[in-house]
>>> print(open('start05.txt').read())   # compact mmCIF, C-alpha atoms (C1' of nucleotides)
# COMPACT_ATOMS: atom_id res chain seq x y z
CA MET A 1 -9.90 -4.17 -2.66
CA ASP A 2 -12.29 -2.10 -0.60
CA VAL A 3 -13.17 -3.06 2.96
CA ARG A 4 -16.74 -3.81 1.97
CA THR A 5 -15.67 -6.57 -0.44
CA LEU A 6 -13.03 -7.76 1.98
CA CYS A 7 -15.58 -8.30 4.74
CA LEU A 8 -17.79 -10.18 2.35
CA ALA A 9 -14.85 -12.31 1.29
CA VAL A 10 -14.01 -13.23 4.87
CA LEU A 11 -17.62 -14.22 5.47
CA THR A 12 -17.55 -16.69 2.56
CA LYS A 13 -15.18 -18.74 4.74
CA GLY A 14 -17.56 -18.78 7.71
CA ASP A 15 -19.66 -16.59 9.99
CA ALA A 16 -17.88 -13.98 12.05
CA THR A 17 -18.31 -10.87 14.18
CA GLY A 18 -16.78 -7.51 13.32
CA TYR A 19 -14.22 -8.11 16.01
CA GLU A 20 -13.21 -11.44 14.49
CA ILE A 21 -13.00 -9.97 11.00
CA ASN A 22 -10.62 -7.37 12.34
CA LYS A 23 -8.43 -10.11 13.76
CA MET A 24 -8.31 -11.77 10.33
CA PHE A 25 -6.66 -8.66 8.99
CA GLU A 26 -4.30 -8.36 11.93
CA GLU A 27 -3.16 -11.96 12.32
CA GLY A 28 -5.19 -14.14 9.97
CA PRO A 29 -4.62 -15.33 6.41
CA PHE A 30 -5.37 -11.94 4.84
CA ALA A 31 -2.99 -10.05 7.11
CA HIS A 32 -0.07 -10.12 4.68
CA PHE A 33 -1.73 -8.81 1.55
CA GLN A 34 -4.85 -6.85 2.49
CA ASN A 35 -5.77 -4.49 5.27
CA ALA A 36 -8.79 -3.24 7.19
CA SER A 37 -9.41 -1.85 10.65
CA PHE A 38 -12.31 -1.29 13.05
CA GLY A 39 -13.06 2.18 11.77
CA SER A 40 -13.79 0.81 8.32
CA ILE A 41 -15.06 -2.69 9.15
CA TYR A 42 -18.01 -1.71 11.31
CA PRO A 43 -19.41 0.86 8.85
CA ALA A 44 -18.86 -1.64 6.03
CA LEU A 45 -20.84 -4.34 7.87
CA SER A 46 -23.71 -1.93 8.58
CA ARG A 47 -23.88 -1.07 4.94
CA LEU A 48 -23.72 -4.70 3.81
CA LEU A 49 -26.54 -5.49 6.23
CA ALA A 50 -28.68 -2.69 4.83
CA GLU A 51 -28.02 -3.94 1.31
CA GLY A 52 -29.00 -7.50 2.21
CA LEU A 53 -25.59 -8.91 1.36
CA VAL A 54 -25.12 -10.17 4.91
CA GLU A 55 -27.41 -11.16 7.78
CA ALA A 56 -26.78 -10.75 11.49
CA ARG A 57 -27.83 -12.77 14.52
CA ILE A 58 -27.34 -11.50 18.03
CA HIS A 59 -25.46 -14.06 20.10
CA ASP A 60 -26.14 -13.26 23.71
CA GLN A 61 -23.38 -14.09 26.13
CA ASP A 62 -23.25 -14.43 29.87
CA GLY A 63 -22.98 -10.84 31.02
CA ARG A 64 -20.81 -9.61 28.17
CA PRO A 65 -22.49 -7.41 25.60
CA GLY A 66 -24.12 -9.60 22.96
CA LYS A 67 -22.07 -10.02 19.82
CA LYS A 68 -23.42 -9.73 16.31
CA VAL A 69 -22.52 -12.74 14.21
CA TYR A 70 -22.68 -11.98 10.50
CA SER A 71 -23.37 -14.51 7.76
CA ILE A 72 -23.17 -13.94 4.03
CA THR A 73 -26.35 -14.25 1.95
CA ALA A 74 -26.78 -15.65 -1.54
CA ALA A 75 -26.79 -12.08 -2.84
CA GLY A 76 -23.54 -11.47 -0.97
CA ASN A 77 -21.96 -14.53 -2.55
CA ALA A 78 -22.90 -13.21 -5.96
CA VAL A 79 -21.16 -9.92 -5.19
CA VAL A 80 -18.01 -11.82 -4.21
CA ASP A 81 -18.10 -13.76 -7.48
CA ALA A 82 -18.42 -10.48 -9.35
CA ALA A 83 -15.43 -9.08 -7.46
CA LEU A 84 -13.42 -12.14 -8.51
CA THR A 85 -13.79 -11.19 -12.17
CA ILE A 86 -11.73 -8.01 -11.96
CA THR A 87 -8.36 -7.69 -13.64
CA PRO A 88 -5.94 -7.22 -10.75
CA GLU A 89 -3.72 -4.16 -10.73
CA PRO A 90 -0.02 -4.61 -10.10
CA ASP A 91 0.65 -5.19 -6.41
CA MET A 92 1.16 -2.17 -4.26
CA PHE A 93 4.30 -2.29 -2.21
CA ARG A 94 5.30 0.62 0.03
CA SER A 95 8.32 0.58 2.23
CA ASP A 96 9.56 3.37 4.42
CA PHE A 97 12.39 1.04 5.34
CA LEU A 98 13.66 1.05 1.75
CA PHE A 99 13.18 4.80 1.63
CA LEU A 100 15.53 5.14 4.59
CA VAL A 101 18.08 2.69 3.19
CA TYR A 102 18.02 4.52 -0.12
CA PHE A 103 19.57 7.39 1.83
CA ALA A 104 22.15 5.13 3.47
CA SER A 105 24.90 7.69 2.96
CA ARG A 106 23.01 10.21 5.09
CA LEU A 107 22.59 7.74 7.95
CA SER A 108 25.09 6.91 10.68
CA GLU A 109 26.61 3.45 10.50
CA GLU A 110 25.01 2.42 13.79
CA ARG A 111 21.60 3.50 12.64
CA LEU A 112 21.94 1.71 9.32
CA THR A 113 23.01 -1.58 10.92
CA ASP A 114 20.28 -1.31 13.51
CA LEU A 115 17.67 -0.62 10.83
CA ILE A 116 18.72 -3.61 8.75
CA ASP A 117 19.10 -6.02 11.68
CA ARG A 118 15.65 -5.17 12.98
CA ARG A 119 14.17 -5.63 9.55
CA ILE A 120 15.76 -9.04 9.08
CA GLU A 121 14.23 -10.06 12.39
CA LEU A 122 10.85 -8.68 11.34
CA TYR A 123 10.84 -10.60 8.06
CA ARG A 124 11.89 -13.81 9.83
CA ARG A 125 9.10 -13.38 12.36
CA LYS A 126 6.53 -12.84 9.64
CA GLN A 127 7.80 -15.90 7.80
CA ASP A 128 7.59 -18.00 10.98
CA HIS A 129 4.12 -16.70 11.63
CA ILE A 130 2.82 -18.03 8.34
CA VAL A 131 4.62 -21.35 8.82
CA GLU A 132 3.00 -21.74 12.26
CA GLN A 133 -0.44 -20.99 10.89
CA MET A 134 0.01 -23.62 8.20
CA ALA A 135 1.19 -26.15 10.78
CA ALA A 136 -1.78 -25.37 13.02
CA ARG A 137 -4.17 -25.94 10.15
CA GLU A 138 -2.56 -29.24 9.31
CA ALA A 139 -2.73 -30.35 12.96
CA ASN A 140 -6.43 -29.49 13.03
CA GLN A 141 -6.95 -31.44 9.83
CA CYS A 142 -8.65 -28.42 8.37
CA SER A 143 -9.70 -29.15 4.82
CA GLY A 144 -6.66 -28.11 2.83
CA ASP A 145 -7.73 -25.11 0.81
CA PRO A 146 -5.41 -24.96 -2.24
CA GLY A 147 -5.77 -21.19 -2.68
CA ARG A 148 -4.97 -20.52 0.94
CA GLU A 149 -1.95 -22.82 0.91
CA PHE A 150 -0.67 -21.26 -2.30
CA VAL A 151 -0.98 -17.74 -0.96
CA ALA A 152 0.65 -18.73 2.34
CA GLY A 153 3.54 -20.25 0.40
CA PHE A 154 3.89 -17.06 -1.60
CA GLY A 155 4.15 -15.06 1.62
CA ILE A 156 6.82 -17.37 3.01
CA ALA A 157 8.81 -17.17 -0.22
CA ILE A 158 8.74 -13.36 -0.28
CA TYR A 159 9.63 -12.89 3.38
CA LYS A 160 12.43 -15.39 3.04
CA ALA A 161 13.81 -13.69 -0.07
CA ALA A 162 13.68 -10.32 1.67
CA ALA A 163 15.43 -11.52 4.82
CA ASP A 164 18.02 -13.46 2.82
CA TYR A 165 18.79 -10.46 0.63
CA LEU A 166 19.32 -8.20 3.63
CA GLU A 167 21.50 -10.77 5.32
CA SER A 168 23.64 -11.39 2.24
CA ASN A 169 24.13 -7.76 1.29
CA ARG A 170 24.30 -6.08 4.67
CA ALA A 171 28.07 -6.32 4.92
CA SER A 172 28.73 -5.00 1.42
CA LEU A 173 26.43 -2.02 1.93
CA LEU A 174 28.16 -1.20 5.19
CA ALA A 175 31.56 -1.50 3.52
CA THR A 176 30.72 0.85 0.65
CA THR A 177 29.14 3.47 2.87
CA ARG A 178 31.87 3.32 5.49
CA GLY A 179 33.58 6.66 5.68
CA ALA A 180 30.73 8.38 3.90
CA HIS A 181 28.24 8.13 6.73
CA ALA A 182 26.23 11.03 8.01
CA ARG A 183 28.13 13.35 5.73
CA ALA A 184 26.39 16.70 5.90
CA PRO A 185 24.71 17.37 2.56
CA GLU A 186 25.92 20.45 0.76
CA ALA A 187 23.21 23.01 1.41
CA ALA A 188 21.47 23.90 -1.81
CA GLU A 189 22.71 27.24 -3.07
CA MET B 1 5.91 8.60 3.57
CA ASP B 2 3.80 11.58 2.54
CA VAL B 3 4.16 13.14 -0.89
CA ARG B 4 5.57 16.31 0.59
CA THR B 5 8.58 14.48 2.07
CA LEU B 6 8.88 12.34 -1.03
CA CYS B 7 9.23 15.40 -3.29
CA LEU B 8 11.82 16.83 -0.98
CA ALA B 9 13.69 13.52 -1.02
CA VAL B 10 13.77 13.44 -4.82
CA LEU B 11 15.11 16.98 -4.89
CA THR B 12 18.06 16.03 -2.68
CA LYS B 13 19.29 14.04 -5.69
CA GLY B 14 19.08 17.00 -8.05
CA ASP B 15 16.79 19.76 -9.32
CA ALA B 16 13.61 18.73 -11.07
CA THR B 17 10.23 19.91 -12.33
CA GLY B 18 6.93 18.55 -11.06
CA TYR B 19 6.62 16.61 -14.27
CA GLU B 20 10.02 14.99 -13.77
CA ILE B 21 9.25 14.14 -10.15
CA ASN B 22 6.13 12.37 -11.32
CA LYS B 23 8.20 10.29 -13.72
CA MET B 24 10.48 9.28 -10.84
CA PHE B 25 7.50 7.65 -9.20
CA GLU B 26 6.30 6.05 -12.40
CA GLU B 27 9.57 4.70 -13.79
CA GLY B 28 12.42 5.93 -11.65
CA PRO B 29 14.21 4.50 -8.64
CA PHE B 30 11.34 5.17 -6.22
CA ALA B 31 8.73 3.53 -8.44
CA HIS B 32 8.87 0.16 -6.72
CA PHE B 33 8.44 1.18 -3.10
CA GLN B 34 6.78 4.59 -2.96
CA ASN B 35 4.08 6.35 -4.90
CA ALA B 36 2.91 9.82 -5.85
CA SER B 37 0.94 11.32 -8.71
CA PHE B 38 0.31 14.73 -10.30
CA GLY B 39 -2.68 15.47 -8.15
CA SER B 40 -0.57 15.30 -5.03
CA ILE B 41 2.85 16.38 -6.34
CA TYR B 42 1.87 19.85 -7.60
CA PRO B 43 0.05 20.87 -4.41
CA ALA B 44 2.97 19.49 -2.37
CA LEU B 45 5.48 21.56 -4.33
CA SER B 46 3.40 24.73 -3.90
CA ARG B 47 3.30 24.15 -0.20
CA LEU B 48 7.02 23.41 0.02
CA LEU B 49 7.70 26.62 -1.89
CA ALA B 50 5.54 28.64 0.50
CA GLU B 51 7.37 27.10 3.45
CA GLY B 52 10.77 27.92 1.99
CA LEU B 53 11.85 24.29 1.81
CA VAL B 54 12.31 24.51 -1.96
CA GLU B 55 13.01 27.27 -4.46
CA ALA B 56 11.80 27.54 -8.04
CA ARG B 57 13.32 29.05 -11.16
CA ILE B 58 11.34 29.49 -14.34
CA HIS B 59 13.16 27.89 -17.24
CA ASP B 60 11.78 29.47 -20.37
CA GLN B 61 11.74 27.26 -23.40
CA ASP B 62 11.34 27.99 -27.08
CA GLY B 63 7.60 28.35 -27.41
CA ARG B 64 6.66 25.67 -24.91
CA PRO B 65 5.24 26.88 -21.61
CA GLY B 66 8.08 27.66 -19.24
CA LYS B 67 8.81 24.93 -16.78
CA LYS B 68 9.40 25.45 -13.09
CA VAL B 69 12.62 23.83 -11.92
CA TYR B 70 12.64 23.23 -8.20
CA SER B 71 15.72 23.04 -5.97
CA ILE B 72 15.88 22.07 -2.34
CA THR B 73 17.02 24.67 0.20
CA ALA B 74 19.12 24.17 3.32
CA ALA B 75 15.91 24.22 5.36
CA GLY B 76 14.52 21.55 3.06
CA ASN B 77 17.56 19.38 3.58
CA ALA B 78 17.10 19.65 7.32
CA VAL B 79 13.51 18.43 6.96
CA VAL B 80 14.73 15.42 4.97
CA ASP B 81 17.27 14.60 7.67
CA ALA B 82 14.50 14.79 10.25
CA ALA B 83 12.37 12.44 8.15
CA LEU B 84 15.27 9.97 8.08
CA THR B 85 15.13 9.61 11.86
CA ILE B 86 11.71 7.94 11.96
CA THR B 87 11.28 4.32 12.96
CA PRO B 88 9.92 2.67 9.82
CA GLU B 89 6.64 0.80 10.04
CA PRO B 90 6.45 -2.69 8.60
CA ASP B 91 6.19 -2.58 4.82
CA MET B 92 2.76 -2.31 3.34
CA PHE B 93 2.04 -4.92 0.74
CA ARG B 94 -1.36 -5.11 -0.94
CA SER B 95 -2.18 -7.55 -3.65
CA ASP B 96 -5.49 -8.01 -5.36
CA PHE B 97 -3.81 -10.77 -7.33
CA LEU B 98 -3.28 -12.80 -4.14
CA PHE B 99 -6.82 -12.02 -3.10
CA LEU B 100 -8.07 -13.62 -6.31
CA VAL B 101 -5.76 -16.62 -6.03
CA TYR B 102 -6.87 -17.13 -2.44
CA PHE B 103 -10.25 -17.94 -3.98
CA ALA B 104 -8.74 -20.28 -6.56
CA SER B 105 -11.50 -22.84 -6.03
CA ARG B 106 -14.11 -20.30 -7.13
CA LEU B 107 -12.24 -19.48 -10.34
CA SER B 108 -12.31 -21.37 -13.60
CA GLU B 109 -9.14 -23.20 -14.51
CA GLU B 110 -8.56 -21.01 -17.57
CA ARG B 111 -8.91 -17.85 -15.55
CA LEU B 112 -6.55 -19.10 -12.86
CA THR B 113 -3.84 -20.08 -15.34
CA ASP B 114 -4.24 -16.81 -17.19
CA LEU B 115 -4.01 -14.83 -13.97
CA ILE B 116 -0.84 -16.58 -12.86
CA ASP B 117 0.86 -16.52 -16.26
CA ARG B 118 0.26 -12.80 -16.62
CA ARG B 119 1.57 -12.18 -13.16
CA ILE B 120 4.76 -14.13 -13.80
CA GLU B 121 5.31 -12.00 -16.89
CA LEU B 122 4.64 -8.83 -14.91
CA TYR B 123 7.15 -9.74 -12.20
CA ARG B 124 9.77 -10.64 -14.81
CA ARG B 125 9.24 -7.33 -16.59
CA LYS B 126 9.61 -5.40 -13.35
CA GLN B 127 12.76 -7.31 -12.54
CA ASP B 128 14.21 -6.60 -15.99
CA HIS B 129 13.29 -2.96 -15.63
CA ILE B 130 15.43 -2.56 -12.53
CA VAL B 131 18.28 -4.51 -14.09
CA GLU B 132 18.22 -2.21 -17.13
CA GLN B 133 18.24 0.89 -14.97
CA MET B 134 21.26 -0.38 -13.09
CA ALA B 135 23.03 -1.19 -16.33
CA ALA B 136 22.25 2.26 -17.71
CA ARG B 137 23.70 3.91 -14.63
CA GLU B 138 26.85 1.83 -14.89
CA ALA B 139 27.24 2.70 -18.56
CA ASN B 140 26.92 6.41 -17.73
CA GLN B 141 29.49 6.00 -14.98
CA CYS B 142 27.06 7.62 -12.59
CA SER B 143 28.61 7.82 -9.16
CA GLY B 144 27.60 4.51 -7.62
CA ASP B 145 25.23 5.35 -4.82
CA PRO B 146 25.38 2.44 -2.34
CA GLY B 147 21.85 3.03 -1.01
CA ARG B 148 20.37 3.11 -4.48
CA GLU B 149 22.19 -0.04 -5.57
CA PHE B 150 21.15 -1.85 -2.41
CA VAL B 151 17.50 -0.92 -2.84
CA ALA B 152 17.59 -1.87 -6.52
CA GLY B 153 19.06 -5.24 -5.60
CA PHE B 154 16.31 -5.74 -3.05
CA GLY B 155 13.69 -5.09 -5.72
CA ILE B 156 15.29 -7.58 -8.09
CA ALA B 157 15.45 -10.22 -5.35
CA ILE B 158 11.79 -9.80 -4.44
CA TYR B 159 10.48 -9.82 -8.01
CA LYS B 160 12.59 -12.85 -8.80
CA ALA B 161 11.37 -14.71 -5.72
CA ALA B 162 7.76 -13.88 -6.60
CA ALA B 163 8.06 -15.00 -10.23
CA ASP B 164 9.99 -18.14 -9.26
CA TYR B 165 7.41 -19.09 -6.67
CA LEU B 166 4.55 -18.74 -9.11
CA GLU B 167 6.41 -20.70 -11.74
CA SER B 168 7.33 -23.53 -9.34
CA ASN B 169 3.92 -23.89 -7.72
CA ARG B 170 1.61 -23.15 -10.61
CA ALA B 171 1.26 -26.77 -11.64
CA SER B 172 0.59 -28.07 -8.15
CA LEU B 173 -2.10 -25.45 -7.51
CA LEU B 174 -3.76 -26.32 -10.78
CA ALA B 175 -3.60 -30.02 -9.93
CA THR B 176 -5.19 -29.63 -6.50
CA THR B 177 -7.97 -27.36 -7.73
CA ARG B 178 -8.71 -29.46 -10.80
CA GLY B 179 -12.23 -30.75 -10.58
CA ALA B 180 -13.14 -28.24 -7.90
CA HIS B 181 -13.14 -25.19 -10.18
CA ALA B 182 -15.94 -22.72 -10.33
CA ARG B 183 -17.97 -24.86 -8.01
CA ALA B 184 -20.99 -22.85 -7.01
CA PRO B 185 -20.74 -21.96 -3.33
CA GLU B 186 -23.59 -23.20 -1.17
CA ALA B 187 -25.78 -20.18 -0.71
CA ALA B 188 -25.74 -19.11 2.92
CA GLU B 189 -28.99 -20.21 4.50
C1' DT C 1 -5.36 -3.28 40.70
C1' DA C 2 -3.71 -2.65 36.41
C1' DA C 3 -3.47 -4.30 31.95
C1' DT C 4 -5.18 -6.94 28.33
C1' DG C 5 -8.75 -8.98 25.61
C1' DC C 6 -13.54 -9.05 24.13
C1' DA C 7 -16.98 -6.23 21.84
C1' DT C 8 -19.30 -2.28 19.12
C1' DG C 9 -19.67 1.77 17.33
C1' DT C 10 -19.16 7.23 15.81
C1' DA C 11 -17.00 11.48 14.06
C1' DA C 12 -13.51 14.45 12.48
C1' DT C 13 -10.00 14.83 9.76
C1' DC C 14 -6.89 14.11 6.10
C1' DG C 15 -4.46 12.64 2.30
C1' DG C 16 -4.72 11.08 -2.13
C1' DT C 17 -7.01 9.66 -6.38
C1' DT C 18 -9.69 10.90 -10.31
C1' DA C 19 -11.23 13.74 -13.42
C1' DC C 20 -11.20 18.06 -15.38
C1' DA C 21 -9.06 22.07 -17.87
C1' DT C 22 -5.47 23.86 -21.09
C1' DG C 23 -2.05 24.11 -24.66
C1' DA C 24 2.23 23.59 -27.39
C1' DT C 25 5.44 20.32 -29.84
C1' DT C 26 7.01 16.32 -32.07
C1' DC C 27 6.66 12.07 -34.34
C1' DA C 28 4.38 8.53 -37.10
C1' DT D 1 -4.12 14.11 -38.85
C1' DG D 2 -3.90 11.87 -34.75
C1' DA D 3 -1.30 10.23 -30.93
C1' DA D 4 2.06 10.79 -27.66
C1' DT D 5 5.05 13.65 -24.82
C1' DC D 6 5.92 17.74 -22.37
C1' DA D 7 3.98 20.76 -18.88
C1' DT D 8 1.06 22.81 -14.92
C1' DG D 9 -2.46 23.15 -12.25
C1' DT D 10 -7.54 22.79 -9.70
C1' DA D 11 -11.57 20.71 -7.47
C1' DA D 12 -14.64 17.24 -6.05
C1' DC D 13 -14.97 13.25 -4.01
C1' DC D 14 -13.97 9.30 -1.31
C1' DG D 15 -12.08 6.03 1.55
C1' DA D 16 -9.61 5.15 5.39
C1' DT D 17 -7.15 6.30 9.57
C1' DT D 18 -7.28 8.18 14.11
C1' DA D 19 -9.14 9.20 18.07
C1' DC D 20 -12.92 9.10 20.91
C1' DA D 21 -16.60 6.78 23.75
C1' DT D 22 -18.18 2.77 26.53
C1' DG D 23 -18.11 -1.35 29.44
C1' DC D 24 -17.48 -6.12 31.12
C1' DA D 25 -14.32 -10.20 32.04
C1' DT D 26 -10.14 -12.26 32.78
C1' DT D 27 -5.44 -12.64 34.03
C1' DA D 28 -1.11 -11.32 36.03
>>> encode(input="start05.txt", output="structure tokens")
Amino acid sequence: MDVRTLCLAVLTKGDATGYEINKMFEEGPFAHFQNASFGSIYPALSRLLAEGLVEARIHDQDGRPGKKVYSITAAGNAVVDAALTITPEPDMFRSDFLFLVYFASRLSEERLTDLIDRRIELYRRKQDHIVEQMAAREANQCSGDPGREFVAGFGIAIYKAAADYLESNRASLLATTRGAHARAPEAAE
Amino acid sequence: MDVRTLCLAVLTKGDATGYEINKMFEEGPFAHFQNASFGSIYPALSRLLAEGLVEARIHDQDGRPGKKVYSITAAGNAVVDAALTITPEPDMFRSDFLFLVYFASRLSEERLTDLIDRRIELYRRKQDHIVEQMAAREANQCSGDPGREFVAGFGIAIYKAAADYLESNRASLLATTRGAHARAPEAAE
DNA sequence: TAATGCATGTAATCGGTTACATGATTCA
DNA sequence: TGAATCATGTAACCGATTACATGCATTA
């Protein structure tokens, strides 16, 4: 999904500034399955404004530079609906962590254990993060959005499965690589 | 991981042509957590050749255009070892499927069920694919590579968790969205 | 006072995707 | 005969990342 559509999608859930949209992709509900950063968000918003898919009001603040609050227009909503008709590609998953572990036999035992332990912690943190967000929403009595809850649950399930797998198979990987660690590869030719 | 390093990494496991390397990223062991395509593989190999990190032999074939079989050099192996010292970033996961499901309330019930059912099938197929590859390796008595087995197991665990989650929560999502489907969003202003 | 958070934007670069271009063989 | 597989490459385009540039307010 391109950043342009992503910004529009965020704005269907409520008005926001570019800064706030960025936060959505860093910590918010989209953080775990989409991405966008300042360098792409601001140009995207300018373009959307020029195309009439969003509107902007300047919100002056005491002293601080005034922020631009964007709202989606009816035309913008139509573009989102059109985007929702696509046939989704298979998910894209990229992991440099798995790349490293694939070469476990070329890694020292300490490095391998460190790598895996850190990753377990990372997955647990991500899982907790989603759980906390869900709890916060419930506490605030935010209208339960079924799509959002479903996606959050998916994230929890995946992070849990990942952490559990690493935890359960860590010892056996270490055992089978023991003795073969950091073995210098035979130089080609 | 850039395509250059990825090609080098594939070649540590044995000689290959550009065409074969491409297949590794389409169907092979790297398919599930890294990506590369013709348009990036061939330029990468040319560059690696110029830098002396790989060597190429022309394998003439009966009639067919001769294929270039690449092998990694000692210098190339050193570059791979250097690449294995990086601190891996968090995994990158992007899913247009989840993006669509996030907006479940804007989708028709038929579309939502179709989307989820197809995705369950996709995850099951991917899971089976890895299982088959592992079985094939065992049948061929390929030297069990602990890193490869561990990564394959990780893939199976994740795909299974994803499919199971969808299967278990499909009905409840459908129930909570029922009646709220394809409700026209209030046009902004 | 130093760091962090709020707030917006531009520009260069870069890597990769997509499409194009070619051509032989094998299988249905 | 047509499709699929094997096989290698180039070029245009595009989107996104990275770094740069600025400046005030708050908090430690």
>>> atom_distance(input="start05.txt", atom1="atom CA of B:Asp128", atom2="atom CA of A:Glu89")
18.8 Å
>>> closest_residue(input="start05.txt", among="A:Glu121, A:Asp96, A:Glu132, A:Asp2", to="chain D", atoms="only C-alpha atoms (C1' of nucleotides)")
A:Asp2
>>> residues_around(input="start05.txt", residues="D:DT5", least_positions_apart="2", cutoff="10 Å", atoms="only C-alpha atoms (C1' of nucleotides)", output="PyMOL selection string")
(chain C and resi 25-27) or (chain D and resi 3+7)
>>> interface_residues(input="start05.txt", of="chain A", to="chain C", cutoff="9 Å", atoms="only C-alpha atoms (C1' of nucleotides)", output="PDB file with C-alpha atoms, in the coordinates of the input")
ATOM      1  CA  GLY A  18     -16.780  -7.510  13.320  1.00  0.00           C
ATOM      2  CA  TYR A  19     -14.220  -8.110  16.010  1.00  0.00           C
ATOM      3  CA  GLY A  39     -13.060   2.180  11.770  1.00  0.00           C
ATOM      4  CA  TYR A  42     -18.010  -1.710  11.310  1.00  0.00           C
ATOM      5  CA  PRO A  43     -19.410   0.860   8.850  1.00  0.00           C
ATOM      6  CA  ARG A  64     -20.810  -9.610  28.170  1.00  0.00           C
ATOM      7  CA  PRO A  65     -22.490  -7.410  25.600  1.00  0.00           C
ATOM      8  CA  GLY A  66     -24.120  -9.600  22.960  1.00  0.00           C
ATOM      9  CA  LYS A  67     -22.070 -10.020  19.820  1.00  0.00           C
ATOM     10  CA  LYS A  68     -23.420  -9.730  16.310  1.00  0.00           C
TER      11      LYS A  68
END
>>> interface_residues(input="start05.txt", of="chain A", to="chain B", cutoff="6 Å", atoms="all atoms listed in the file", output="list in words")
Phe33, Gln34, Ile72, Thr73, Ala74, Leu84, Pro88, Asp91, Met92, Phe93, Arg94, Ser95, Asp96, Phe97, Leu100, Val101, Tyr102, Phe103, Ala104, Gly147, Arg148, Ala187 and Ala188 of chain A
>>> interface_residues(input="start05.txt", of="chain D", to="chain A", cutoff="12 Å", atoms="all atoms listed in the file", output="ChimeraX atom specification")
/D:14-20,22-26
>>> atom_distance(input="start05.txt", atom1="atom CA of A:Leu49", atom2="atom CA of A:Tyr70")
8.7 Å
>>> atom_distance(input="start05.txt", atom1="atom CA of A:Asn22", atom2="atom CA of A:Leu45")
11.6 Å
>>> axis_aligned_box(input="start05.txt", around="stretch 101-105 of chain A", padding_each_side="8 Å", output="lines of an AutoDock Vina configuration file")
center_x = 21.5
center_y = 5.2
center_z = 1.7
size_x = 22.9
size_y = 21.0
size_z = 19.6
>>> build_atoms(input="start05.txt", residues="stretch 2-14 of chain B", atoms="N, CA and C atoms", output="CSV table (one decimal), in the frame of the given file")
chain,number,residue,atom,x,y,z
B,2,ASP,N,4.7,10.7,3.3
B,2,ASP,CA,3.8,11.6,2.5
B,2,ASP,C,4.5,12.2,1.3
B,3,VAL,N,3.7,12.6,0.4
B,3,VAL,CA,4.2,13.1,-0.9
B,3,VAL,C,5.1,14.4,-0.7
B,4,ARG,N,4.8,15.1,0.3
B,4,ARG,CA,5.6,16.3,0.6
B,4,ARG,C,7.0,15.9,0.8
B,5,THR,N,7.2,15.0,1.7
B,5,THR,CA,8.6,14.5,2.1
B,5,THR,C,9.2,13.8,0.9
B,6,LEU,N,8.4,13.1,0.1
B,6,LEU,CA,8.9,12.3,-1.0
B,6,LEU,C,9.4,13.3,-2.1
B,7,CYS,N,8.8,14.4,-2.3
B,7,CYS,CA,9.2,15.4,-3.3
B,7,CYS,C,10.6,16.0,-2.8
B,8,LEU,N,10.6,16.3,-1.6
B,8,LEU,CA,11.8,16.8,-1.0
B,8,LEU,C,13.0,15.8,-1.2
B,9,ALA,N,12.7,14.6,-0.9
B,9,ALA,CA,13.7,13.5,-1.0
B,9,ALA,C,14.2,13.4,-2.5
B,10,VAL,N,13.3,13.5,-3.4
B,10,VAL,CA,13.8,13.4,-4.8
B,10,VAL,C,14.7,14.6,-5.1
B,11,LEU,N,14.3,15.8,-4.6
B,11,LEU,CA,15.1,17.0,-4.9
B,11,LEU,C,16.5,17.0,-4.2
B,12,THR,N,16.7,16.1,-3.2
B,12,THR,CA,18.1,16.0,-2.7
B,12,THR,C,19.0,15.4,-3.7
B,13,LYS,N,18.5,14.7,-4.7
B,13,LYS,CA,19.3,14.0,-5.7
B,13,LYS,C,19.5,14.9,-6.9
B,14,GLY,N,18.9,16.1,-6.9
B,14,GLY,CA,19.1,17.0,-8.0
B,14,GLY,C,17.8,17.8,-8.3
